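Notes follow once the structure below has been shown.
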Amino acid sequence: MKLTYSIPSMDFSAAGKASTDVKKTLAQLGLDRDLVKRIAVAMYEGEMNIAIHGGGGTAEIEFSPDRIDILLVDRGPGIADIALAMTEGFSTASEEVRSMGFGAGMGLPNMKRNADEMTVESRVGEGTSVRMRFLLGAARCA
Ligand SMILES: Nc1ncnc2c1ncn2[C@@H]1O[C@H](COP(=O)(O)OP(=O)(O)OP(=O)(O)O)[C@@H](O)[C@H]1O
Ligand SMILES: [Mg+2]
């Protein structure tokens, strides 16, 4: 099963819709509550990054018997220094975005912490893709 969502740019009334829907679907499937929470948090952060920094994009959630994969893709400005972007507290968010409560620079670190695996690929001027994998039925070591 695969779910696909379109994430609009800078639309704060639509923000969080995809992750809320995924959370509902996962809960209905009867997944472990802690796992549902981890996926929902990571997906929300990714969704907001696409809306705020990525100029809009897509989220794809693929369900497999042993895992859930999330692919977030945008054709925005890209990330020049991925290691720096992954650092807690690093943010390029505008004052306006900060005044709405975003821009703590905690989104990517949070995604990394919650996912079992995460890779970020980006090219300046072309866009960014983030893959997150969540393993089912395996005890988590971290
Ligand atoms: N999809 C993206 N496209 C372009 N730049 C991005 C993208 N996602 C993240 N970034 C860059 O990485 C930085 C860090 O992202 P992160 O999610 O950790 O923090 P934030 O979005 O700035 O703040 P927070 O998530 O805490 O509200 C962003 O400020 C931005 O510069
Ligand atoms: Mg963020």
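Ligands are numbered from 1 in the order shown, chains are lettered A, B, ... in the order of the structure tokens, and residues start at 1 in each chain.
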
At most 9 Å from ligand 1 (only C-alpha atoms and all ligand atoms): residue list as an MDAnalysis selection string: chainID A and resid 45:57 72:82 84:94 97:98 101:111 122 124 127:130

Filtered DSSP result for region 9-138 of chain A, state strand (DSSP E), as an MDAnalysis selection string: chainID A and resid 57:64 67:74 117:123 127:135

DSSP alpha helix (DSSP H) residues within region 6-71 of chain A, as a VMD selection string: chain A and resid 17 to 28 33 to 52

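CA of Tyr5 (chain A) lies 23.2 Å from CA of Asp34 (chain A).
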
Distance query Asp32 (chain A) at most 12 Å, only C-alpha atoms, self and fewer than 2 positions along chain excluded, as an MDAnalysis selection string: chainID A and resid 23 26:30 34:39 134:139

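Closest approach to ligand 2 among A:Asp21, A:Leu3, A:Tyr44, A:Ile61: A:Tyr44, based on only C-alpha atoms and all ligand atoms.
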
Length of the CA of Glu121 (chain A) to CA of Glu60 (chain A) vector [Å]: 15.8 Å
